[in-house]
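Here the structure is laid out as structure tokens; the discussion comes afterwards.
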Amino acid sequence: MDFLRQIQDLLEKVLFTALLLCMMVIPWKHALHMFQQNRYEPGRYIQWGKDQLKVWKHWLFPVLIIVLALGCIIIPDYRLGKIATVWLAVLIGGMMLYLEKKKNYIKPLAMTARVKRQIAVMFILNCLWLIPAVMFTDYPVWVVWVVAACWINWLFIFPMAWITSPFEKLIKKHYMKLAKDILKKHDQLIKIGITGSYGKTSSKNILQQILSEKFYSLPTPASFNTPMGITITIRQQLKPTHEVFICEMGADHVGDIEQLMDFVQPQIGLVTSIGPQHLNTFGSQENIITEKMKMIEKLPVTGFGVLNKDNELIRNYYIKNKCPIAWYGIEQTDVDYRAVNISFGPQGSTFDIHTREGADIPFKTRLLGEHNIANILAAVAVGRHLGVSWEQLQSAVAQVRYVEHRLEVKKINGYTFIDDAFNSNPVGSAMSLQVLKTMPGTRFIVTPGMIDLGPRQHEINKQFGMKMKDCADEVILVGKRQTEPIVEGLQTCGFDMDHVHVVATVKEAFALVYQKASYTDTILLENDLPDAFNQ
């Protein structure tokens, strides 16, 4: 009998361990998902976690679980208490699965090779904790393991990151070396680096359109502006027949641009703009300026730099390089390429490019916004340096396609949308409002505000709200907590608050748009936060 009881006890523990492992899959996935959206950086992940703890509704589920767990513990009958504990685990797992199926993620977890490695390590960590915890204890301690299983994976992110970090660094170093060897073999390749707080991807796409008039060129795709994104592009797409490589370079830490410049070694560098982006990770605006301008300072003396003179931070920076520089701008007059006679309409924009030599060349584009015209000026400056004719430039600019989610005019269910949902910033959002101001019908704006702006985030979002007056007629804000500064700004500027609506999700925002808007109206979608930051 004792032997049979021991076998029964062992089977119970094995089955309970398997049940808890199944129950942990959803929180395990959530933890990895949020870690990915925080760019695999423990520091950002910690800050995000602190922000979540400040939201009272995030405590409802933990409190419910703890209350139910206490109910299992106080059951006097041993067998009934044990059965109740098992059913508690089943109930929690079922609730998590049900809620997960109902979720519609803005940006789902990307199952990259890195994430698969992280999953393997997380599985081992879960087994190392859970198997001894269950095997060497019994009810009522099992109730504690049920509660712990709900949240322990949020903490396992840290040992997982510590364990995988050396391996990830080795992988990154290996593949970057392979990519660098490929670049060395392309000794005639013209390499162009592009960076800035905003405008990088748009400038890259415009430049690709322009240079393809004369060269067989390769741009880094989408927002592949990290060391591994650039490495993948070089290894998988760069061919011996390519004449130009256009490389977007992103940065959110000191040293990022310097590392990428040493890696790619471009002969031409473009800095689109500098502003308060990624202040949380850079630490200060001065660090951002210094790092972004490495794009110019790391060029060879025989290289060529292109800079935006309208940007005060760039204009006032002392450049520690003697390479030739071409300046462009709209507001500043002392530049090599200036846009004048600008006009916007639903079909696009027209403008003239005034050169330092005194010529005025007319251009038209389907793109909207002064920042897009500034991006065109930057691309034209590079194109002229590489011998692209004015006729080729005019033709290319007229054919430039919308950059997805960047002031992209589109029809959705018969309604006119201006989609500026990707990575909104203070300068771009202000210009988007000016574009909206020129549009026909009732003007709607749908936005969750801006993030990653450090201590200035509240102030910048408040200013964003103040700028909406006279540009928008109906304001739809997504997320009550994160849009509080925008509401404050709207109230400060005297906006009619009867036309301000706060909803919880993007889905609710679209439902409200379709309820209130007509086909002759215009709806601006300004920014689209990842799931980690929608509150």
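Scheme for the structure tokens: letters A, B, ... for chains in order shown; per-chain residue numbers from 1; ligand numbers from 1 in order shown.
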>> Just want the 7 Å neighbourhood of Cys247 (chain A), counted on only C-alpha atoms, with same-chain residues fewer than 4 positions away dropped. Output as a list in words.
In response: Ile192, Gly193, Ile194, Pro219 and Thr220 of chain A
Selection export as an mmCIF file, in the first residue's frame, atoms kept: N, CA, C and O atoms:
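What landed in selection-v1.cif:
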data_model
loop_
_atom_site.group_PDB
_atom_site.id
_atom_site.type_symbol
_atom_site.label_atom_id
_atom_site.label_comp_id
_atom_site.auth_asym_id
_atom_site.auth_seq_id
_atom_site.Cartn_x
_atom_site.Cartn_y
_atom_site.Cartn_z
ATOM 1 N N ILE A 192 26.450 55.111 -48.860
ATOM 2 C CA ILE A 192 25.820 56.322 -48.323
ATOM 3 C C ILE A 192 25.190 55.992 -46.982
ATOM 4 O O ILE A 192 24.380 55.073 -46.880
ATOM 5 N N GLY A 193 25.550 56.742 -45.952
ATOM 6 C CA GLY A 193 24.962 56.565 -44.629
ATOM 7 C C GLY A 193 23.936 57.654 -44.352
ATOM 8 O O GLY A 193 24.154 58.815 -44.699
ATOM 9 N N ILE A 194 22.814 57.266 -43.742
ATOM 10 C CA ILE A 194 21.757 58.219 -43.400
ATOM 11 C C ILE A 194 21.376 58.032 -41.943
ATOM 12 O O ILE A 194 21.099 56.911 -41.512
ATOM 13 N N PRO A 219 19.010 49.832 -51.123
ATOM 14 C CA PRO A 219 18.795 50.440 -49.808
ATOM 15 C C PRO A 219 18.534 49.363 -48.751
ATOM 16 O O PRO A 219 18.057 48.282 -49.066
ATOM 17 N N THR A 220 18.854 49.653 -47.519
ATOM 18 C CA THR A 220 18.431 48.753 -46.445
ATOM 19 C C THR A 220 16.901 48.780 -46.394
ATOM 20 O O THR A 220 16.298 49.843 -46.482
#
> Per DSSP on the backbone, what are the strand (DSSP E or B) residues of region 361-510 of chain A, as a ChimeraX atom specification?
Replying inline: /A:361-365,403,406,408-412,415-420,443-447,474-478,500-503
What does the file look like for those residues with C-alpha atoms, as a JSON list (two decimals), in the first residue's frame?
[["chain", "number", "residue", "atom", "x", "y", "z"],
["A", 361, "ILE", "CA", 13.91, 74.25, -60.74],
["A", 362, "PRO", "CA", 10.22, 73.28, -60.40],
["A", 363, "PHE", "CA", 9.25, 70.01, -58.71],
["A", 364, "LYS", "CA", 6.05, 68.17, -57.89],
["A", 365, "THR", "CA", 5.46, 65.16, -55.66],
["A", 403, "VAL", "CA", 6.47, 55.77, -47.47],
["A", 406, "ARG", "CA", 4.37, 58.31, -43.09],
["A", 408, "GLU", "CA", 0.48, 58.31, -46.64],
["A", 409, "VAL", "CA", -2.86, 59.36, -48.15],
["A", 410, "LYS", "CA", -5.12, 56.31, -48.49],
["A", 411, "LYS", "CA", -8.76, 55.34, -48.80],
["A", 412, "ILE", "CA", -10.16, 52.98, -46.15],
["A", 415, "TYR", "CA", -12.92, 57.47, -46.07],
["A", 416, "THR", "CA", -9.83, 59.63, -46.69],
["A", 417, "PHE", "CA", -7.03, 58.90, -44.21],
["A", 418, "ILE", "CA", -3.61, 60.50, -43.84],
["A", 419, "ASP", "CA", -1.63, 57.64, -42.31],
["A", 420, "ASP", "CA", 1.27, 58.99, -40.24],
["A", 443, "ARG", "CA", -10.63, 67.33, -39.92],
["A", 444, "PHE", "CA", -10.14, 64.43, -37.51],
["A", 445, "ILE", "CA", -6.98, 63.40, -35.68],
["A", 446, "VAL", "CA", -6.57, 59.99, -34.03],
["A", 447, "THR", "CA", -3.50, 59.68, -31.79],
["A", 474, "GLU", "CA", -12.41, 66.43, -33.91],
["A", 475, "VAL", "CA", -9.76, 64.89, -31.65],
["A", 476, "ILE", "CA", -9.82, 61.17, -30.80],
["A", 477, "LEU", "CA", -7.25, 60.15, -28.19],
["A", 478, "VAL", "CA", -6.29, 56.50, -27.64],
["A", 500, "VAL", "CA", -12.41, 65.66, -27.77],
["A", 501, "HIS", "CA", -13.01, 61.92, -27.30],
["A", 502, "VAL", "CA", -10.86, 59.51, -25.27],
["A", 503, "VAL", "CA", -11.11, 55.78, -26.06]]
>> Residues near region 169-171 of chain A, anyone? I mean within 12 Å using only C-alpha atoms, not counting same-chain ones fewer than 5 positions away, as a PyMOL selection string.
In response: chain A and resi 113-114+117+161-164+176-178+227-228+231
Selected residues written out, C-alpha atoms, as an mmCIF file, in the first residue's frame:
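Just written: out.cif:
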data_model
loop_
_atom_site.group_PDB
_atom_site.id
_atom_site.type_symbol
_atom_site.label_atom_id
_atom_site.label_comp_id
_atom_site.auth_asym_id
_atom_site.auth_seq_id
_atom_site.Cartn_x
_atom_site.Cartn_y
_atom_site.Cartn_z
ATOM 1 C CA ALA A 113 15.915 33.006 -34.233
ATOM 2 C CA ARG A 114 16.833 35.112 -31.205
ATOM 3 C CA ARG A 117 16.851 30.819 -28.331
ATOM 4 C CA ALA A 161 18.991 37.974 -20.829
ATOM 5 C CA TRP A 162 22.172 37.499 -18.786
ATOM 6 C CA ILE A 163 22.621 33.906 -20.005
ATOM 7 C CA THR A 164 21.943 34.643 -23.689
ATOM 8 C CA MET A 176 29.034 41.455 -38.863
ATOM 9 C CA LYS A 177 32.524 40.228 -39.771
ATOM 10 C CA LEU A 178 31.108 38.217 -42.680
ATOM 11 C CA PRO A 227 23.829 46.350 -36.850
ATOM 12 C CA MET A 228 22.032 43.032 -37.418
ATOM 13 C CA THR A 231 24.238 42.799 -41.693
#
Residues at most 8 Å from Val400 (chain A), counting only C-alpha atoms, excluding those fewer than 5 positions away in the same chain, as a PDB file with N, CA and C atoms, in the first residue's frame?
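Saved file part_13.pdb follows:
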ATOM      1  N   ILE A 206      13.335  58.075 -50.738  1.00  0.00           N
ATOM      2  CA  ILE A 206      13.384  59.098 -51.792  1.00  0.00           C
ATOM      3  C   ILE A 206      14.722  59.030 -52.527  1.00  0.00           C
ATOM      4  N   GLN A 209      14.820  56.196 -54.983  1.00  0.00           N
ATOM      5  CA  GLN A 209      14.084  56.513 -56.207  1.00  0.00           C
ATOM      6  C   GLN A 209      14.925  57.391 -57.130  1.00  0.00           C
ATOM      7  N   THR A 365       5.410  66.475 -56.299  1.00  0.00           N
ATOM      8  CA  THR A 365       5.462  65.163 -55.661  1.00  0.00           C
ATOM      9  C   THR A 365       4.106  64.852 -55.033  1.00  0.00           C
ATOM     10  N   ARG A 366       3.812  63.597 -54.929  1.00  0.00           N
ATOM     11  CA  ARG A 366       2.556  63.211 -54.265  1.00  0.00           C
ATOM     12  C   ARG A 366       2.702  63.245 -52.744  1.00  0.00           C
ATOM     13  N   LEU A 367       3.940  63.428 -52.235  1.00  0.00           N
ATOM     14  CA  LEU A 367       4.169  63.468 -50.793  1.00  0.00           C
ATOM     15  C   LEU A 367       3.663  64.776 -50.197  1.00  0.00           C
TER      16      LEU A 367
END
>> If we count only C-alpha atoms and set the cut-off at 12 Å, which residues sit around Val115 (chain A), ignoring sequence neighbours fewer than 4 positions away in its own chain? Please answer as a ChimeraX atom specification.
In response: /A:28-29,31-37,39-40,109-111,119-122,157,160-161,164,168
Written selection (C-alpha atoms) as a PDB file, in the first residue's frame:
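So out.pdb came out as:
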ATOM      1  CA  TRP A  28       5.889  33.425 -20.546  1.00  0.00           C
ATOM      2  CA  LYS A  29       4.886  34.600 -24.027  1.00  0.00           C
ATOM      3  CA  ALA A  31       7.074  38.562 -20.922  1.00  0.00           C
ATOM      4  CA  LEU A  32       9.095  37.745 -24.060  1.00  0.00           C
ATOM      5  CA  HIS A  33       6.766  39.909 -26.168  1.00  0.00           C
ATOM      6  CA  MET A  34       7.238  42.973 -23.957  1.00  0.00           C
ATOM      7  CA  PHE A  35      10.987  42.348 -23.723  1.00  0.00           C
ATOM      8  CA  GLN A  36      11.119  42.329 -27.529  1.00  0.00           C
ATOM      9  CA  GLN A  37       9.087  45.544 -27.757  1.00  0.00           C
ATOM     10  CA  ARG A  39      14.338  46.158 -27.777  1.00  0.00           C
ATOM     11  CA  TYR A  40      15.725  43.343 -25.607  1.00  0.00           C
ATOM     12  CA  LEU A 109       5.699  38.723 -31.045  1.00  0.00           C
ATOM     13  CA  ALA A 110       8.121  38.147 -33.927  1.00  0.00           C
ATOM     14  CA  MET A 111       9.392  34.556 -33.765  1.00  0.00           C
ATOM     15  CA  ILE A 119      12.303  30.428 -25.426  1.00  0.00           C
ATOM     16  CA  ALA A 120      14.699  27.490 -24.988  1.00  0.00           C
ATOM     17  CA  VAL A 121      16.478  29.199 -22.082  1.00  0.00           C
ATOM     18  CA  MET A 122      13.172  30.265 -20.494  1.00  0.00           C
ATOM     19  CA  ILE A 157      13.589  37.644 -18.313  1.00  0.00           C
ATOM     20  CA  MET A 160      17.553  34.698 -19.474  1.00  0.00           C
ATOM     21  CA  ALA A 161      18.991  37.974 -20.829  1.00  0.00           C
ATOM     22  CA  THR A 164      21.943  34.643 -23.689  1.00  0.00           C
ATOM     23  CA  GLU A 168      24.056  36.923 -28.883  1.00  0.00           C
TER      24      GLU A 168
END
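Going from CA of Thr201 (chain A) to CA of Tyr105 (chain A) covers 24.0 Å.
Non-sequential neighbours of Lys239 (chain A) (distance at most 10 Å, separation of 3 or more positions within a chain, only C-alpha atoms) are Ile182, His186, Ser217, Leu218, Ile234, Arg235, Gln236, His242 and Glu243 of chain A.
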Expected file contents, prior selection, N, CA, C and O atoms, as a PDB file, in the first residue's frame:
ATOM      1  N   ILE A 182      32.292  41.120 -47.068  1.00  0.00           N
ATOM      2  CA  ILE A 182      31.578  41.315 -48.341  1.00  0.00           C
ATOM      3  C   ILE A 182      31.758  42.750 -48.837  1.00  0.00           C
ATOM      4  O   ILE A 182      32.009  42.985 -50.024  1.00  0.00           O
ATOM      5  N   HIS A 186      33.664  44.761 -52.428  1.00  0.00           N
ATOM      6  CA  HIS A 186      33.025  45.753 -53.303  1.00  0.00           C
ATOM      7  C   HIS A 186      33.796  47.071 -53.212  1.00  0.00           C
ATOM      8  O   HIS A 186      33.290  48.077 -52.725  1.00  0.00           O
ATOM      9  N   SER A 217      21.161  50.528 -57.382  1.00  0.00           N
ATOM     10  CA  SER A 217      21.389  50.818 -55.964  1.00  0.00           C
ATOM     11  C   SER A 217      20.576  49.895 -55.073  1.00  0.00           C
ATOM     12  O   SER A 217      19.508  49.408 -55.446  1.00  0.00           O
ATOM     13  N   LEU A 218      21.093  49.696 -53.862  1.00  0.00           N
ATOM     14  CA  LEU A 218      20.431  48.848 -52.866  1.00  0.00           C
ATOM     15  C   LEU A 218      20.248  49.635 -51.574  1.00  0.00           C
ATOM     16  O   LEU A 218      21.231  50.063 -50.969  1.00  0.00           O
ATOM     17  N   ILE A 234      23.248  43.164 -46.154  1.00  0.00           N
ATOM     18  CA  ILE A 234      24.504  42.974 -46.895  1.00  0.00           C
ATOM     19  C   ILE A 234      24.679  41.514 -47.284  1.00  0.00           C
ATOM     20  O   ILE A 234      24.994  41.197 -48.443  1.00  0.00           O
ATOM     21  N   ARG A 235      24.457  40.607 -46.345  1.00  0.00           N
ATOM     22  CA  ARG A 235      24.708  39.189 -46.600  1.00  0.00           C
ATOM     23  C   ARG A 235      23.702  38.569 -47.565  1.00  0.00           C
ATOM     24  O   ARG A 235      24.036  37.680 -48.339  1.00  0.00           O
ATOM     25  N   GLN A 236      22.443  39.040 -47.509  1.00  0.00           N
ATOM     26  CA  GLN A 236      21.398  38.390 -48.298  1.00  0.00           C
ATOM     27  C   GLN A 236      21.055  39.120 -49.591  1.00  0.00           C
ATOM     28  O   GLN A 236      20.542  38.487 -50.524  1.00  0.00           O
ATOM     29  N   HIS A 242      25.758  45.649 -57.765  1.00  0.00           N
ATOM     30  CA  HIS A 242      25.273  46.886 -57.149  1.00  0.00           C
ATOM     31  C   HIS A 242      26.359  47.966 -57.204  1.00  0.00           C
ATOM     32  O   HIS A 242      27.530  47.697 -56.920  1.00  0.00           O
ATOM     33  N   GLU A 243      25.930  49.171 -57.524  1.00  0.00           N
ATOM     34  CA  GLU A 243      26.867  50.299 -57.602  1.00  0.00           C
ATOM     35  C   GLU A 243      26.785  51.210 -56.384  1.00  0.00           C
ATOM     36  O   GLU A 243      27.748  51.900 -56.047  1.00  0.00           O
TER      37      GLU A 243
END
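Proximity to region 377-380 of chain A at 7 Å, evaluated using only C-alpha atoms and with sequence-adjacent residues fewer than 2 positions away removed, yields Ser203, Ile206, Leu207, Val306, Tyr328, Tyr337, Ile373, Ala374, Asn375, Val382, Gly383, Arg384 and Leu393 of chain A.
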> For Thr438 (chain A), which residue among A:Gly43, A:Gly345, A:His354, A:Met466 is the nearest when counting only C-alpha atoms?
Replying inline: A:Gly345
